[in-house]
Amino acid sequence: MDKNKIKTSCLINNYNYAEFLSEAINSALTQTVEFDEIIIVDDGSTDNSVEVITKFTQLANVKSILKEKNQGQLSSFNEGFLAATGDIIFFLDADDIYEPQYLETTLNFYKRRSECDFVFCAYKKFGAVEETFQADAVDLDLGYSVIRTLYSGEWIGSITSTLSIRREIIRKFLPIPNVEDWRVRADDCLIWGGSLVGAKKFYMSNPLVMYRIHQSNQYHNKKFLDIDINYEYKRFWKRNSLFNYILQKNNFSLPLLLAFTSLNELKTIPCPKHQDFISYLKIIFLFEHNFFWKTKGIILLFSYFLKTLMTGKLKIF
């Protein structure tokens, strides 16, 4: 047995997507490098999803969790993770598709960058909309983002199906008990959770995931926003509750010298963008209560900005 082998788990979450489910599962099965296990979590579907899933569970590396009650996406993430045994967990929505080389490319990325804890990649929209979404044209080391997430609530990541996270990171925040808060958009929990527990995040510019746009795609069509005009306000409080849970679970306390810690966190990004400097400047200005450290922090931040500009490490665009 190869002790250096990275074991992989693919978690497919499904609710009433029987018409797309086979395509999603097949995309995980036909990778150029095989997943060690594929776990399909059905969230109490009322269509023929279970029938579709049963056809695949005859395969050795495919398992299923068939929930009797619909509890939402976070519940599926919780149960899937508890059943998974992989070193790296890959997430796939049942209406999306992996490109055949997705796993191989992502695994090679993790192997090249042993410090990498969390990867998300570019993706292609297909179906009702056809376009490629890239946050940047090149791969990026995004560093750590504990302070940035904790104080500004920054969302550093992408859609569920582009995400992969090391098990040792996920176990620090999953399972999360307040499943009713995250029946949809549970990728918020993965993205914010990963940041808060100290994941070093990376972005891959290669669009290796196909994100399906269709009539039932609630998030893309903003259906739930039309129904609930107070959604963003409620999401703010759900986010606070989520943050409090994760901080308490990990016995995390706020830094005593915020300006100093913010600057050190910024320095974990090898080639920061000007937006990164603006983010940390706002944090130091708004949340550092010690006047001496606030002033010194801002001066040190501008000094570091000039240094990265002079050395050519600042990403202008």
# chains A, B, ... in the order shown; residues from 1 in each chain; ligands from 1
>>> select_by_dssp(residues="segment 101-296 of chain A", states="strand (DSSP E)", output="JSON, numbers by chain")
{"A": [118, 119, 120, 121, 122, 123, 124, 125, 126, 127, 131, 132, 133, 140, 141, 142, 143, 163, 164, 165, 166, 201, 202, 203, 204, 205, 206, 207, 208, 209, 210, 211, 212, 213]}
>>> select_by_dssp(residues="segment 161-246 of chain A", states="alpha helix (DSSP H)", output="ChimeraX atom specification")
/A:167-170,187-196,218-221,223-227,231-246
>>> closest_residue(among="A:Thr149, A:Thr46, A:Thr30, A:Asn250", to="Phe173 of chain A", atoms="only C-alpha atoms")
A:Asn250
>>> closest_atom_pairs(of="segment 202-279 of chain A", to="segment 284-289 of chain A", cutoff="12 Å", atoms="only C-alpha atoms", output="CSV")
residue,atom,partner,partner_atom,distance
A:Leu254,CA,A:Phe287,CA,11.2
A:Pro255,CA,A:Glu288,CA,10.1
A:Leu256,CA,A:Glu288,CA,9.3
A:Leu257,CA,A:Glu288,CA,7.7
A:Leu258,CA,A:Glu288,CA,5.8
A:Ala259,CA,A:Ile284,CA,5.3
A:Phe260,CA,A:Ile284,CA,9.0
A:Thr261,CA,A:Ile284,CA,9.7
A:Ser262,CA,A:Ile284,CA,7.4
A:Leu263,CA,A:Ile284,CA,9.1
A:Leu266,CA,A:Ile284,CA,11.9
A:Phe277,CA,A:Ile284,CA,10.6
A:Ile278,CA,A:Ile284,CA,10.0
A:Ser279,CA,A:Ile284,CA,8.9
>>> write_last_selection(atoms="N, CA, C and O atoms", output="compact mmCIF listing (two decimals), in the first residue's frame")
# COMPACT_ATOMS: atom_id res chain seq x y z
N LEU A 254 -10.50 36.30 19.89
CA LEU A 254 -10.10 37.39 19.01
C LEU A 254 -8.66 37.80 19.29
O LEU A 254 -8.21 37.76 20.44
N PRO A 255 -7.91 38.19 18.25
CA PRO A 255 -6.51 38.58 18.45
C PRO A 255 -6.38 39.86 19.27
O PRO A 255 -7.20 40.77 19.14
N LEU A 256 -5.37 39.91 20.11
CA LEU A 256 -5.16 41.10 20.94
C LEU A 256 -4.64 42.28 20.12
O LEU A 256 -5.02 43.42 20.34
N LEU A 257 -3.76 42.00 19.18
CA LEU A 257 -3.18 43.05 18.33
C LEU A 257 -3.71 42.85 16.91
O LEU A 257 -3.07 42.21 16.08
N LEU A 258 -4.88 43.38 16.64
CA LEU A 258 -5.54 43.15 15.36
C LEU A 258 -4.74 43.68 14.18
O LEU A 258 -4.63 43.01 13.15
N ALA A 259 -4.19 44.88 14.31
CA ALA A 259 -3.45 45.48 13.20
C ALA A 259 -2.23 44.62 12.84
O ALA A 259 -1.95 44.38 11.66
N PHE A 260 -1.53 44.16 13.85
CA PHE A 260 -0.34 43.33 13.64
C PHE A 260 -0.73 42.00 12.99
O PHE A 260 -0.10 41.55 12.03
N THR A 261 -1.79 41.37 13.50
CA THR A 261 -2.25 40.09 12.97
C THR A 261 -2.76 40.24 11.54
O THR A 261 -2.52 39.38 10.69
N SER A 262 -3.46 41.35 11.27
CA SER A 262 -3.98 41.60 9.92
C SER A 262 -2.85 41.72 8.91
O SER A 262 -2.92 41.16 7.81
N LEU A 263 -1.80 42.44 9.29
CA LEU A 263 -0.67 42.60 8.38
C LEU A 263 0.02 41.27 8.12
O LEU A 263 0.39 40.96 6.98
N LEU A 266 -2.11 39.28 5.69
CA LEU A 266 -1.94 39.81 4.33
C LEU A 266 -0.67 39.28 3.68
O LEU A 266 -0.65 38.94 2.49
N PHE A 277 -5.30 44.85 -0.04
CA PHE A 277 -4.82 45.93 0.82
C PHE A 277 -5.99 46.78 1.33
O PHE A 277 -6.02 47.15 2.51
N ILE A 278 -6.93 47.05 0.47
CA ILE A 278 -8.11 47.83 0.87
C ILE A 278 -8.90 47.11 1.95
O ILE A 278 -9.35 47.71 2.94
N SER A 279 -9.05 45.79 1.79
CA SER A 279 -9.79 45.00 2.79
C SER A 279 -9.15 45.09 4.16
O SER A 279 -9.84 45.32 5.17
>>> closest_residue(among="A:Leu174, A:Leu142, A:Ile229, A:Ile156", to="Phe202 of chain A", atoms="only C-alpha atoms")
A:Leu142
>>> atom_distance(atom1="atom CA of Leu196 of chain A", atom2="atom CA of Asn264 of chain A")
15.7 Å
>>> residues_around(residues="Ser9 of chain A", least_positions_apart="2", cutoff="12 Å", atoms="only C-alpha atoms", output="ChimeraX atom specification")
/A:6-7,11-12,28-29,34-40,61-63,80-92,103,107,164-167
>>> closest_residue(among="A:Ser205, A:Lys111, A:Ala18, A:Gln73", to="Asn4 of chain A", atoms="only C-alpha atoms")
A:Lys111
>>> residues_around(residues="Lys55 of chain A", least_positions_apart="5", cutoff="12 Å", atoms="only C-alpha atoms", output="PyMOL selection string")
chain A and resi 21-22+25-26+40+48-50+60+62-64
>>> residues_around(residues="segment 123-129 of chain A", least_positions_apart="2", cutoff="8 Å", atoms="only C-alpha atoms", output="list in words")
Cys121, Glu131, Thr132, Phe133, Gln134, Thr162, Asn206, Pro207, Leu208, Val209, Met210, Tyr211, Arg212, Ile213 and His214 of chain A
>>> write_last_selection(atoms="all heavy atoms", output="compact mmCIF listing (two decimals), in the first residue's frame")
# COMPACT_ATOMS: atom_id res chain seq x y z
N CYS A 121 -12.06 25.97 -8.18
CA CYS A 121 -11.61 26.19 -9.55
C CYS A 121 -12.63 27.01 -10.34
O CYS A 121 -13.77 27.21 -9.91
CB CYS A 121 -11.36 24.85 -10.25
SG CYS A 121 -12.85 23.88 -10.58
N GLU A 131 -21.44 30.16 -20.60
CA GLU A 131 -20.30 31.06 -20.42
C GLU A 131 -19.32 30.46 -19.43
O GLU A 131 -19.66 29.56 -18.66
CB GLU A 131 -20.76 32.44 -19.93
CG GLU A 131 -21.42 32.46 -18.57
CD GLU A 131 -21.85 33.85 -18.15
OE1 GLU A 131 -21.49 34.82 -18.83
OE2 GLU A 131 -22.56 33.96 -17.14
N THR A 132 -18.08 30.96 -19.46
CA THR A 132 -17.05 30.51 -18.53
C THR A 132 -16.85 31.56 -17.46
O THR A 132 -16.76 32.75 -17.76
CB THR A 132 -15.72 30.26 -19.26
OG1 THR A 132 -15.91 29.22 -20.23
CG2 THR A 132 -14.63 29.83 -18.29
N PHE A 133 -16.80 31.12 -16.20
CA PHE A 133 -16.58 32.04 -15.10
C PHE A 133 -15.19 31.78 -14.51
O PHE A 133 -14.92 30.70 -13.99
CB PHE A 133 -17.63 31.88 -14.01
CG PHE A 133 -17.44 32.83 -12.86
CD1 PHE A 133 -17.94 34.12 -12.93
CD2 PHE A 133 -16.73 32.44 -11.73
CE1 PHE A 133 -17.74 35.00 -11.88
CE2 PHE A 133 -16.52 33.32 -10.69
CZ PHE A 133 -17.03 34.61 -10.76
N GLN A 134 -14.33 32.78 -14.58
CA GLN A 134 -12.99 32.71 -14.01
C GLN A 134 -12.78 33.92 -13.10
O GLN A 134 -12.93 35.06 -13.53
CB GLN A 134 -11.92 32.72 -15.10
CG GLN A 134 -11.79 31.43 -15.89
CD GLN A 134 -10.69 31.51 -16.92
OE1 GLN A 134 -10.76 32.32 -17.83
NE2 GLN A 134 -9.69 30.67 -16.79
N THR A 162 -17.24 23.23 -7.23
CA THR A 162 -15.84 23.54 -7.51
C THR A 162 -14.95 23.34 -6.29
O THR A 162 -13.74 23.53 -6.38
CB THR A 162 -15.69 25.01 -7.97
OG1 THR A 162 -16.02 25.89 -6.87
CG2 THR A 162 -16.58 25.33 -9.16
N ASN A 206 -8.22 26.79 -14.25
CA ASN A 206 -8.72 25.85 -15.25
C ASN A 206 -10.19 25.54 -14.97
O ASN A 206 -10.54 25.04 -13.90
CB ASN A 206 -7.89 24.56 -15.20
CG ASN A 206 -8.07 23.71 -16.43
OD1 ASN A 206 -8.99 23.91 -17.22
ND2 ASN A 206 -7.19 22.74 -16.61
N PRO A 207 -11.11 25.83 -15.91
CA PRO A 207 -12.54 25.55 -15.68
C PRO A 207 -12.86 24.07 -15.85
O PRO A 207 -13.13 23.60 -16.95
CB PRO A 207 -13.24 26.41 -16.75
CG PRO A 207 -12.23 26.54 -17.85
CD PRO A 207 -10.87 26.51 -17.20
N LEU A 208 -12.86 23.35 -14.74
CA LEU A 208 -12.97 21.89 -14.77
C LEU A 208 -14.32 21.37 -14.27
O LEU A 208 -14.51 20.17 -14.12
CB LEU A 208 -11.85 21.28 -13.92
CG LEU A 208 -10.43 21.52 -14.46
CD1 LEU A 208 -9.39 21.15 -13.40
CD2 LEU A 208 -10.21 20.71 -15.73
N VAL A 209 -15.23 22.29 -14.01
CA VAL A 209 -16.56 21.92 -13.54
C VAL A 209 -17.61 22.56 -14.44
O VAL A 209 -17.45 23.71 -14.88
CB VAL A 209 -16.77 22.38 -12.07
CG1 VAL A 209 -18.23 22.24 -11.65
CG2 VAL A 209 -15.87 21.60 -11.13
N MET A 210 -18.66 21.81 -14.73
CA MET A 210 -19.79 22.31 -15.52
C MET A 210 -20.95 22.61 -14.58
O MET A 210 -21.47 21.70 -13.90
CB MET A 210 -20.21 21.28 -16.56
CG MET A 210 -19.10 20.87 -17.53
SD MET A 210 -18.72 22.16 -18.71
CE MET A 210 -20.18 22.10 -19.75
N TYR A 211 -21.33 23.87 -14.50
CA TYR A 211 -22.40 24.34 -13.60
C TYR A 211 -23.67 24.52 -14.40
O TYR A 211 -23.78 25.41 -15.24
CB TYR A 211 -21.95 25.66 -12.95
CG TYR A 211 -22.96 26.34 -12.07
CD1 TYR A 211 -23.63 25.64 -11.08
CD2 TYR A 211 -23.22 27.70 -12.21
CE1 TYR A 211 -24.55 26.28 -10.24
CE2 TYR A 211 -24.13 28.35 -11.38
CZ TYR A 211 -24.78 27.64 -10.40
OH TYR A 211 -25.69 28.28 -9.58
N ARG A 212 -24.65 23.66 -14.15
CA ARG A 212 -25.86 23.64 -14.95
C ARG A 212 -26.82 24.76 -14.52
O ARG A 212 -27.16 24.89 -13.34
CB ARG A 212 -26.56 22.29 -14.80
CG ARG A 212 -27.71 22.08 -15.80
CD ARG A 212 -28.53 20.84 -15.44
NE ARG A 212 -27.72 19.63 -15.37
CZ ARG A 212 -27.53 18.79 -16.39
NH1 ARG A 212 -28.07 19.05 -17.57
NH2 ARG A 212 -26.80 17.70 -16.23
N ILE A 213 -27.27 25.52 -15.51
CA ILE A 213 -28.28 26.55 -15.28
C ILE A 213 -29.61 26.04 -15.85
O ILE A 213 -29.71 25.74 -17.03
CB ILE A 213 -27.90 27.88 -15.96
CG1 ILE A 213 -26.47 28.30 -15.59
CG2 ILE A 213 -28.90 28.97 -15.59
CD1 ILE A 213 -26.23 28.46 -14.10
N HIS A 214 -30.61 25.94 -14.96
CA HIS A 214 -31.89 25.38 -15.40
C HIS A 214 -33.02 26.00 -14.59
O HIS A 214 -32.79 26.78 -13.65
CB HIS A 214 -31.89 23.85 -15.25
CG HIS A 214 -31.56 23.37 -13.87
ND1 HIS A 214 -32.51 23.15 -12.91
CD2 HIS A 214 -30.35 23.09 -13.29
CE1 HIS A 214 -31.92 22.74 -11.80
NE2 HIS A 214 -30.61 22.69 -12.00
>>> closest_residue(among="A:His274, A:Leu190, A:Gly143, A:Thr8", to="Leu306 of chain A", atoms="only C-alpha atoms")
A:His274
>>> closest_residue(among="A:Thr268, A:Asn78, A:Asn290, A:Asn108", to="Cys189 of chain A", atoms="only C-alpha atoms")
A:Asn78
>>> atom_distance(atom1="atom CA of Cys10 of chain A", atom2="atom CA of Val41 of chain A")
10.6 Å
>>> residues_around(residues="Gln275 of chain A", least_positions_apart="6", cutoff="12 Å", atoms="only C-alpha atoms", output="VMD selection string")
chain A and resid 148 154 266 281 to 282 305 314 to 317
>>> closest_residue(among="A:Ala24, A:Gly194, A:Gly44, A:Tyr245", to="Glu168 of chain A", atoms="only C-alpha atoms")
A:Gly194
